[in-house]
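Coordinates as given in final11.txt (compact mmCIF, C-alpha atoms and all ligand atoms):
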# COMPACT_ATOMS: atom_id res chain seq x y z
CA MET A 1 -92.49 60.00 4.91
CA LYS A 2 -95.86 59.78 3.27
CA ASN A 3 -97.01 63.17 2.07
CA LEU A 4 -94.09 64.79 3.77
CA LEU A 5 -93.87 67.39 1.04
CA ASN A 6 -97.46 68.38 1.61
CA GLY A 7 -97.26 67.94 5.34
CA LEU A 8 -94.28 70.25 5.34
CA LYS A 9 -96.40 73.05 4.02
CA SER A 10 -98.78 72.88 6.95
CA SER A 11 -96.96 71.39 9.89
CA ILE A 12 -93.81 73.44 10.06
CA ASN A 13 -93.89 76.87 11.58
CA ARG A 14 -95.14 78.92 8.69
CA ARG A 15 -93.98 82.23 10.01
CA SER A 16 -92.54 84.05 7.08
CA PHE A 17 -88.93 84.12 8.01
CA MET A 18 -87.32 87.38 7.08
CA LYS A 19 -84.42 89.14 8.63
CA ASN A 20 -85.19 92.74 9.37
CA GLY A 21 -81.75 94.20 9.62
CA LEU A 22 -81.71 94.94 5.94
CA THR A 23 -79.70 97.84 4.72
CA ALA A 24 -81.60 100.69 3.12
CA ALA A 25 -80.60 99.37 -0.29
CA GLY A 26 -81.71 95.88 0.65
CA ALA A 27 -84.98 97.09 2.07
CA ALA A 28 -85.68 98.95 -1.16
CA THR A 29 -85.39 95.72 -3.09
CA LEU A 30 -87.87 93.81 -0.98
CA GLY A 31 -90.55 92.42 -3.21
CA ALA A 32 -94.26 92.49 -2.60
CA GLY A 33 -95.33 90.05 0.06
CA LEU A 34 -92.20 90.30 2.14
CA VAL A 35 -93.20 91.79 5.43
CA ALA A 36 -90.66 93.79 7.38
CA SER A 37 -90.91 93.39 11.12
CA SER A 38 -91.43 96.32 13.42
CA SER A 39 -88.74 95.05 15.78
CA PRO A 40 -86.02 97.55 16.55
CA VAL A 41 -82.96 97.36 14.39
CA LEU A 42 -79.81 96.59 16.34
CA ALA A 43 -76.62 98.44 15.73
CA HIS A 44 -74.77 95.67 13.94
CA GLY A 45 -77.56 95.08 11.48
CA GLY A 46 -80.04 93.18 13.33
CA PRO A 47 -83.07 92.46 15.14
CA GLU A 48 -82.20 88.96 16.05
CA GLU A 49 -84.37 86.00 15.33
CA ARG A 50 -85.53 84.19 18.42
CA SER A 51 -83.07 81.59 19.63
CA GLY A 52 -85.45 80.15 22.23
CA HIS A 53 -83.61 77.76 24.52
CA LEU A 54 -80.64 77.51 22.15
CA THR A 55 -77.62 79.76 22.17
CA LYS A 56 -77.74 82.46 19.54
CA GLY A 57 -74.90 80.80 17.66
CA ASP A 58 -76.41 77.31 17.72
CA ALA A 59 -79.72 78.67 16.45
CA ALA A 60 -77.96 80.64 13.71
CA ILE A 61 -75.96 77.59 12.59
CA LEU A 62 -79.08 75.41 12.52
CA ARG A 63 -81.00 78.08 10.61
CA PHE A 64 -78.31 78.33 7.97
CA LEU A 65 -78.25 74.54 7.68
CA ALA A 66 -82.07 74.49 7.44
CA ALA A 67 -81.86 77.00 4.57
CA ALA A 68 -79.16 74.95 2.84
CA GLU A 69 -81.27 71.80 3.22
CA ILE A 70 -84.38 73.54 1.85
CA LEU A 71 -82.32 74.52 -1.20
CA GLU A 72 -80.90 71.01 -1.52
CA THR A 73 -84.37 69.51 -1.31
CA ASP A 74 -85.59 71.88 -4.02
CA LEU A 75 -82.87 70.88 -6.46
CA TRP A 76 -83.02 67.18 -5.68
CA GLN A 77 -86.79 67.24 -6.10
CA GLN A 78 -86.31 68.57 -9.64
CA TYR A 79 -83.90 65.74 -10.40
CA ASN A 80 -86.24 63.19 -8.90
CA GLU A 81 -89.29 64.32 -10.86
CA LEU A 82 -87.45 63.71 -14.15
CA GLY A 83 -84.84 61.06 -13.34
CA GLY A 84 -85.75 59.43 -10.05
CA ILE A 85 -88.50 57.23 -8.67
CA GLN A 86 -91.80 58.93 -7.96
CA ASP A 87 -93.63 57.43 -5.02
CA SER A 88 -95.36 58.47 -1.82
CA GLU A 89 -91.99 59.18 -0.19
CA VAL A 90 -90.95 61.66 -2.84
CA PRO A 91 -94.05 62.59 -4.85
CA GLY A 92 -94.40 65.24 -7.50
CA GLY A 93 -93.25 64.36 -11.00
CA SER A 94 -94.06 61.61 -13.46
CA GLY A 95 -90.56 60.80 -14.73
CA ASN A 96 -88.88 61.28 -18.09
CA ALA A 97 -87.94 57.94 -19.63
CA THR A 98 -85.25 59.32 -21.98
CA TYR A 99 -83.47 61.32 -19.27
CA THR A 100 -83.82 58.42 -16.81
CA ALA A 101 -82.24 56.07 -19.36
CA ALA A 102 -79.34 58.48 -19.96
CA LEU A 103 -78.72 58.67 -16.20
CA ALA A 104 -78.84 54.87 -16.05
CA VAL A 105 -75.77 54.78 -18.32
CA LEU A 106 -73.84 55.97 -15.24
CA ASP A 107 -75.40 53.24 -13.07
CA ALA A 108 -78.50 51.08 -13.45
CA ASP A 109 -79.63 52.15 -9.97
CA MET A 110 -79.36 55.91 -10.53
CA ALA A 111 -83.13 56.45 -10.24
CA GLN A 112 -83.15 54.79 -6.81
CA TYR A 113 -80.13 56.76 -5.61
CA ILE A 114 -81.66 60.04 -6.81
CA HIS A 115 -84.88 59.20 -4.98
CA ASP A 116 -83.06 58.34 -1.77
CA ASN A 117 -80.85 61.42 -1.84
CA THR A 118 -83.99 63.55 -2.34
CA GLU A 119 -85.77 61.91 0.57
CA ASP A 120 -82.72 62.38 2.80
CA GLU A 121 -82.55 66.12 2.09
CA LEU A 122 -86.24 66.50 2.76
CA THR A 123 -85.86 64.87 6.17
CA HIS A 124 -82.83 67.06 6.96
CA GLU A 125 -84.85 70.16 6.19
CA VAL A 126 -87.93 69.07 8.13
CA PHE A 127 -85.96 67.79 11.12
CA ILE A 128 -83.77 70.86 11.60
CA ASN A 129 -86.72 73.24 11.37
CA ALA A 130 -88.80 71.06 13.72
CA TYR A 131 -85.90 70.95 16.20
CA LEU A 132 -85.56 74.76 16.08
CA ALA A 133 -89.30 75.09 16.68
CA SER A 134 -89.18 72.59 19.55
CA LYS A 135 -86.63 74.83 21.26
CA GLY A 136 -88.70 77.95 20.73
CA ALA A 137 -86.32 79.24 18.07
CA ASP A 138 -87.32 80.82 14.78
CA THR A 139 -87.37 78.49 11.79
CA VAL A 140 -86.61 79.10 8.11
CA ASN A 141 -89.21 79.32 5.38
CA LEU A 142 -88.17 80.22 1.82
CA ASP A 143 -91.59 79.70 0.22
CA GLU A 144 -91.90 83.23 -1.04
CA PHE A 145 -88.84 82.70 -3.19
CA ARG A 146 -90.30 79.70 -5.03
CA THR A 147 -90.46 81.74 -8.21
CA LEU A 148 -88.14 80.10 -10.74
CA LEU A 149 -89.47 78.18 -13.74
CA SER A 150 -89.71 74.42 -13.79
CA SER A 151 -88.31 72.38 -16.65
CA GLN A 152 -90.83 72.24 -19.49
CA ALA A 153 -89.78 68.69 -20.38
CA SER A 154 -92.28 65.85 -19.95
CA GLY A 155 -92.32 64.55 -16.40
CA ALA A 156 -91.65 67.74 -14.44
CA GLN A 157 -94.20 69.29 -12.15
CA GLN A 158 -95.06 72.87 -13.06
CA ILE A 159 -94.45 74.72 -9.80
CA GLY A 160 -92.23 77.60 -8.68
CA ARG A 161 -88.68 76.57 -7.79
CA LEU A 162 -85.99 77.99 -5.52
CA THR A 163 -83.11 76.69 -7.62
CA ASN A 164 -82.16 76.70 -11.30
CA LEU A 165 -80.69 73.49 -12.75
CA MET A 166 -80.68 74.70 -16.34
CA GLN A 167 -77.77 77.19 -16.34
CA LEU A 168 -75.14 75.51 -14.21
CA THR A 169 -71.42 76.17 -14.10
CA VAL A 170 -70.21 73.01 -12.37
CA ASP A 171 -66.98 73.09 -10.37
CA THR A 172 -65.59 69.57 -10.80
CA SER A 173 -62.36 70.18 -8.87
CA TRP A 174 -63.53 67.92 -6.01
CA TRP A 175 -62.56 65.10 -8.34
CA THR A 176 -58.84 65.92 -8.15
CA ARG A 177 -59.05 67.42 -4.65
CA TYR A 178 -60.04 64.07 -3.13
CA ARG A 179 -57.42 62.26 -5.22
CA SER A 180 -54.50 64.48 -4.27
CA SER A 181 -52.00 63.14 -1.72
CA THR A 182 -50.13 66.42 -1.30
CA LYS A 183 -52.69 69.23 -1.39
CA ASN A 184 -55.53 70.48 0.78
CA PRO A 185 -57.81 73.47 0.06
CA ASP A 186 -57.41 74.53 3.72
CA PHE A 187 -53.77 75.28 2.87
CA GLY A 188 -54.83 77.45 -0.06
CA ASP A 189 -54.09 74.75 -2.63
CA ILE A 190 -56.04 74.75 -5.88
CA PHE A 191 -57.13 71.80 -7.94
CA ASP A 192 -57.59 70.88 -11.60
CA GLN A 193 -61.05 70.37 -13.04
CA ALA A 194 -62.09 66.85 -14.03
CA VAL A 195 -64.32 68.34 -16.75
CA PRO A 196 -62.94 71.81 -17.48
CA SER A 197 -65.72 72.76 -19.90
CA LEU A 198 -68.41 72.17 -17.24
CA ASN A 199 -66.74 74.84 -15.13
CA LYS A 200 -67.15 77.39 -17.95
CA GLY A 201 -70.35 78.70 -19.51
CA GLN A 202 -73.82 77.54 -18.48
CA HIS A 203 -75.11 74.00 -18.87
CA PRO A 204 -78.42 72.28 -18.20
CA ALA A 205 -78.35 69.32 -15.81
CA ILE A 206 -81.99 68.50 -16.59
CA PRO A 207 -83.70 68.71 -20.00
CA LYS A 208 -85.18 72.22 -20.41
CA THR A 209 -87.82 70.98 -22.87
CA ASP A 210 -88.47 67.80 -24.82
CA ASP A 211 -86.21 69.24 -27.55
CA ASP A 212 -83.32 68.38 -25.23
CA LEU A 213 -84.15 64.67 -25.39
CA THR A 214 -82.43 64.29 -28.78
CA PRO A 215 -79.99 63.50 -30.21
CA ASN A 216 -78.76 60.79 -27.90
CA ASP A 217 -75.38 62.35 -27.12
CA HIS A 218 -77.09 65.61 -26.15
CA ILE A 219 -79.34 64.12 -23.48
CA GLN A 220 -76.34 62.01 -22.39
CA ALA A 221 -74.31 65.24 -21.98
CA ILE A 222 -77.14 66.59 -19.79
CA ALA A 223 -77.17 63.39 -17.72
CA ASN A 224 -73.36 63.52 -17.45
CA THR A 225 -73.64 67.13 -16.24
CA ALA A 226 -76.12 65.97 -13.59
CA GLY A 227 -73.80 63.12 -12.63
CA PHE A 228 -70.98 65.56 -11.86
CA HIS A 229 -73.33 68.11 -10.28
CA PHE A 230 -74.54 65.48 -7.80
CA GLY A 231 -70.97 65.06 -6.56
CA THR A 232 -70.37 68.82 -6.53
CA ILE A 233 -73.42 69.44 -4.35
CA GLU A 234 -72.84 66.60 -1.91
CA GLN A 235 -69.12 67.22 -1.39
CA GLY A 236 -70.23 70.71 -0.37
CA GLY A 237 -72.50 69.28 2.33
CA THR A 238 -69.72 66.88 3.33
CA SER A 239 -67.49 69.86 4.16
CA LEU A 240 -70.17 72.23 5.47
CA TYR A 241 -71.25 70.13 8.46
CA PRO A 242 -67.80 69.48 9.98
CA SER A 243 -66.84 73.08 9.25
CA LEU A 244 -69.80 74.43 11.23
CA ALA A 245 -69.67 71.73 13.93
CA GLN A 246 -66.50 73.34 15.25
CA ARG A 247 -68.52 76.37 16.38
CA VAL A 248 -71.54 74.61 17.89
CA THR A 249 -71.96 74.91 21.67
CA HIS A 250 -74.64 72.53 22.99
CA PRO A 251 -73.82 68.78 22.84
CA GLU A 252 -77.25 67.98 21.43
CA VAL A 253 -76.85 70.47 18.59
CA LEU A 254 -73.39 69.00 18.00
CA ARG A 255 -75.00 65.56 17.88
CA ILE A 256 -77.42 66.77 15.20
CA VAL A 257 -74.66 68.26 13.07
CA LEU A 258 -72.42 65.22 13.54
CA SER A 259 -75.25 62.84 12.69
CA ILE A 260 -76.49 64.57 9.54
CA GLY A 261 -73.09 65.57 8.12
CA PRO A 262 -71.82 62.05 7.42
CA THR A 263 -74.96 61.24 5.41
CA GLU A 264 -73.86 64.00 3.03
CA ALA A 265 -70.54 62.13 2.79
CA MET A 266 -72.40 58.89 2.02
CA HIS A 267 -74.15 60.69 -0.83
CA PHE A 268 -70.89 62.18 -2.06
CA GLN A 269 -69.16 58.80 -2.01
CA THR A 270 -71.90 57.31 -4.17
CA TRP A 271 -71.87 60.17 -6.67
CA SER A 272 -68.09 60.19 -6.79
CA ASP A 273 -68.29 56.59 -7.98
CA LYS A 274 -71.08 57.19 -10.52
CA ALA A 275 -69.60 60.32 -12.12
CA GLY A 276 -66.63 58.22 -13.20
CA ASN A 277 -68.99 56.22 -15.42
CA ALA A 278 -70.09 59.26 -17.44
CA PRO A 279 -69.24 58.34 -21.05
CA ALA A 280 -66.66 60.45 -22.86
CA LEU A 281 -68.44 62.60 -25.48
CA THR A 282 -68.89 66.03 -26.99
CA ASP A 283 -72.36 67.57 -26.74
CA PRO A 284 -73.66 67.75 -30.35
CA LYS A 285 -75.66 70.86 -29.44
CA ASP A 286 -72.77 72.56 -27.62
CA SER A 287 -69.38 71.67 -29.06
CA MET A 288 -67.67 73.49 -26.17
CA LEU A 289 -68.96 70.87 -23.71
CA VAL A 290 -66.58 67.91 -23.70
CA PHE A 291 -66.53 65.00 -21.26
CA PRO A 292 -63.03 63.51 -21.38
CA ASP A 293 -61.99 59.92 -20.77
CA LEU A 294 -60.66 60.39 -17.25
CA ASN A 295 -58.60 57.19 -17.41
CA SER A 296 -56.70 58.10 -20.58
CA SER A 297 -53.55 60.10 -21.14
CA PRO A 298 -52.95 62.96 -20.47
CA LEU A 299 -55.41 62.32 -17.64
CA GLY A 300 -55.53 59.06 -15.68
CA GLY A 301 -53.11 58.38 -12.85
CA GLU A 302 -53.78 59.15 -9.23
CA GLU A 303 -55.60 62.44 -9.81
CA PHE A 304 -58.12 61.24 -12.39
CA GLN A 305 -58.37 57.43 -12.32
CA THR A 306 -62.07 56.65 -11.99
CA ASN A 307 -61.87 53.78 -9.51
CA LEU A 308 -60.12 55.91 -6.89
CA ILE A 309 -63.37 56.81 -5.19
CA MET A 310 -62.15 56.84 -1.61
CA PRO A 311 -60.29 59.87 -0.29
CA GLU A 312 -56.55 59.82 -0.90
CA PRO A 313 -54.77 60.56 2.40
CA THR A 314 -53.34 64.08 2.28
CA VAL A 315 -51.85 66.86 4.38
CA PHE A 316 -54.03 67.91 7.34
CA LEU A 317 -53.59 70.73 9.90
CA SER A 318 -49.82 70.91 9.43
CA ARG A 319 -47.49 69.77 6.68
CA LYS A 320 -45.28 68.38 9.46
CA LEU A 321 -47.93 65.87 10.52
CA PRO A 322 -48.40 62.60 8.62
CA ALA A 323 -50.89 62.39 5.76
CA CYS A 324 -54.43 61.54 6.78
CA SER A 325 -57.56 60.46 4.92
CA ILE A 326 -59.98 63.30 5.62
CA VAL A 327 -62.85 65.43 4.44
CA ARG A 328 -61.49 68.59 2.82
CA PRO A 329 -61.95 71.51 3.31
CA THR A 330 -63.04 71.75 6.94
CA ALA A 331 -61.76 75.19 7.93
CA THR A 332 -64.45 76.87 9.99
CA ASP A 333 -63.84 80.57 9.34
CA GLY A 334 -66.43 81.90 6.91
CA ALA A 335 -67.72 78.39 6.18
CA ALA A 336 -71.36 79.42 5.77
CA THR A 337 -70.71 82.47 3.60
CA GLY A 338 -68.25 80.36 1.62
CA ALA A 339 -70.92 77.72 1.02
CA LEU A 340 -73.37 80.37 -0.12
CA LYS A 341 -70.79 81.84 -2.52
CA PHE A 342 -70.08 78.37 -3.89
CA LEU A 343 -73.79 77.69 -4.55
CA THR A 344 -74.28 81.12 -6.09
CA ALA A 345 -71.22 80.80 -8.34
CA MET A 346 -72.56 77.56 -9.82
CA GLY A 347 -75.60 79.44 -11.16
CA LEU A 348 -78.02 77.62 -8.89
CA PHE A 349 -79.85 80.84 -8.05
CA ILE A 350 -79.89 82.51 -11.47
CA GLY A 351 -83.19 84.40 -11.63
CA GLN A 352 -83.58 84.84 -7.87
CA SER A 353 -84.44 88.24 -6.39
CA SER A 354 -82.03 90.48 -4.50
CA ALA A 355 -84.20 89.92 -1.40
CA PHE A 356 -83.40 86.20 -1.66
CA PHE A 357 -79.67 86.85 -1.75
CA GLU A 358 -79.94 89.35 1.09
CA LEU A 359 -81.73 86.85 3.30
CA LEU A 360 -79.33 84.01 2.52
CA ARG A 361 -76.32 86.26 3.10
CA ASP A 362 -77.75 87.34 6.45
CA LEU A 363 -78.35 83.75 7.55
CA ALA A 364 -74.81 82.81 6.51
CA GLU A 365 -73.20 85.77 8.27
CA ASP A 366 -75.09 85.01 11.49
CA ALA A 367 -73.95 81.38 11.32
CA ASP A 368 -70.36 82.48 10.76
CA GLU A 369 -70.53 84.72 13.85
CA ALA A 370 -71.32 81.71 16.09
CA ARG A 371 -68.61 80.85 18.60
CA ARG A 372 -68.21 77.60 20.47
CA GLY A 373 -68.89 77.99 24.18
CA GLU A 374 -70.89 81.20 23.91
CA ARG A 375 -73.82 81.61 26.26
FE FE B 401 -78.73 67.41 3.40
FE FE B 402 -76.94 66.59 0.52

Let me see whether you can do it: turn the structure in this file into structure tokens.
Amino acid sequence: MKNLLNGLKSSINRRSFMKNGLTAAGAATLGAGLVASSSPVLAHGGPEERSGHLTKGDAAILRFLAAAEILETDLWQQYNELGGIQDSEVPGGSGNATYTAALAVLDADMAQYIHDNTEDELTHEVFINAYLASKGADTVNLDEFRTLLSSQASGAQQIGRLTNLMQLTVDTSWWTRYRSSTKNPDFGDIFDQAVPSLNKGQHPAIPKTDDDLTPNDHIQAIANTAGFHFGTIEQGGTSLYPSLAQRVTHPEVLRIVLSIGPTEAMHFQTWSDKAGNAPALTDPKDSMLVFPDLNSSPLGGEEFQTNLIMPEPTVFLSRKLPACSIVRPTATDGAATGALKFLTAMGLFIGQSSAFFELLRDLAEDADEARRGER
């Protein structure tokens, strides 16, 4: 893993990956430096990327996953620089002692877990792109969209970012979704928020500047936000892989998806446990942001109790079948575009260009068109 971040910049196929089937409106928004290909535009919106020896659908699914992993790596790297362990495996920042201490209130080992999650995402990104390249398929490179500002707080590297962790709207409904014994999002069910105020407005999950390091309850609110955001991100990966696996064709591509996906679940399980340790408080700099005591009335019980960190068995496939302990959701229709909408809605891409959204949407739509068994 040594110097993987740097190695990534030189060893992976550096072809600037851009879809060409942009609409006229999309093409008009292309920023400087984005090169349109001269390939012919296909009727349904495309010149296709090269699939090499893979089926078109398998390549499209892997490319969407590569993009998702690049975005995950970018956000986890920001967390690691300020709140994780900086070493040769995950280099970059110099750490922020106050933020790290606030995260440690959730668990003394948070810095190690943040480091390890970051390293995992980096290997997912590098592996999937390298596999695509090994099959002669086009890879994904989002480097030209590394334009967002870094945190100005002590410890963060000053480089362009793909993702924004300072204006998040965090959907915390996974908390009650995995604790429900009667509901499943694949049946259209909806779920209460664990922290309703995190799902409204915009909240930093990392200190924006050193002004955010005080008072104590303010930096703790930021660390609590991160604690829930970790779970929100990783439950997304936990669902995305099984959702897309259902449309993979080649057994080896299926093996990749089935081998990476459960590591997202391992991350989610960890964060699901740690978020429950976020201390109840009101942010002194934002009185609208309230972290409730999830074990107290009117909360508590099966849907909120913090030690219920394993999935509650619930309805699966049919309400006539017995309850089953499962990942949820796993419906495959529109899974990639759904994941992109979910990431966008949380504010993760605030500040990104329309060309960025156009590219991500295109990658997601191509992945969603994949069909199992296609040639
Ligand atoms: Fe990942
Ligand atoms: Fe992940």

Using all atoms listed in the file, what are the residues with an atom within 6 Å of ligand FE 401 (chain B), set out as a list in words? Glu69, Glu121, His124 and Glu264 of chain A

Padding 6 Å on each side, edges along x, y and z: where is the centre of the box around the listed atoms of region 341-360 of chain A, and how long are its edges in Å to one decimal? Output it as lines of an AutoDock Vina configuration file.
center_x = -77.3
center_y = 84.0
center_z = -4.2
size_x = 26.4
size_y = 24.9
size_z = 26.9

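Of note, CA of Ser353 (chain A) and CA of Ala226 (chain A) are spaced 24.8 Å apart.
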
Please identify the residues whose atoms come within 8 Å of ligand FE 402 (chain B), using all atoms listed in the file, and report them as a PyMOL selection string. chain A and resi 69+72+117+120-121+233-234+236-238+263-264+267-268

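Once region 349-351 of chain A and its same-chain neighbours fewer than 3 positions away are set aside, Thr163, Asn164 and Thr344 of chain A remain within 6 Å of it when counting all atoms listed in the file.
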
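Here CA of Pro91 (chain A) and CA of Leu165 (chain A) stand 19.0 Å from one another.
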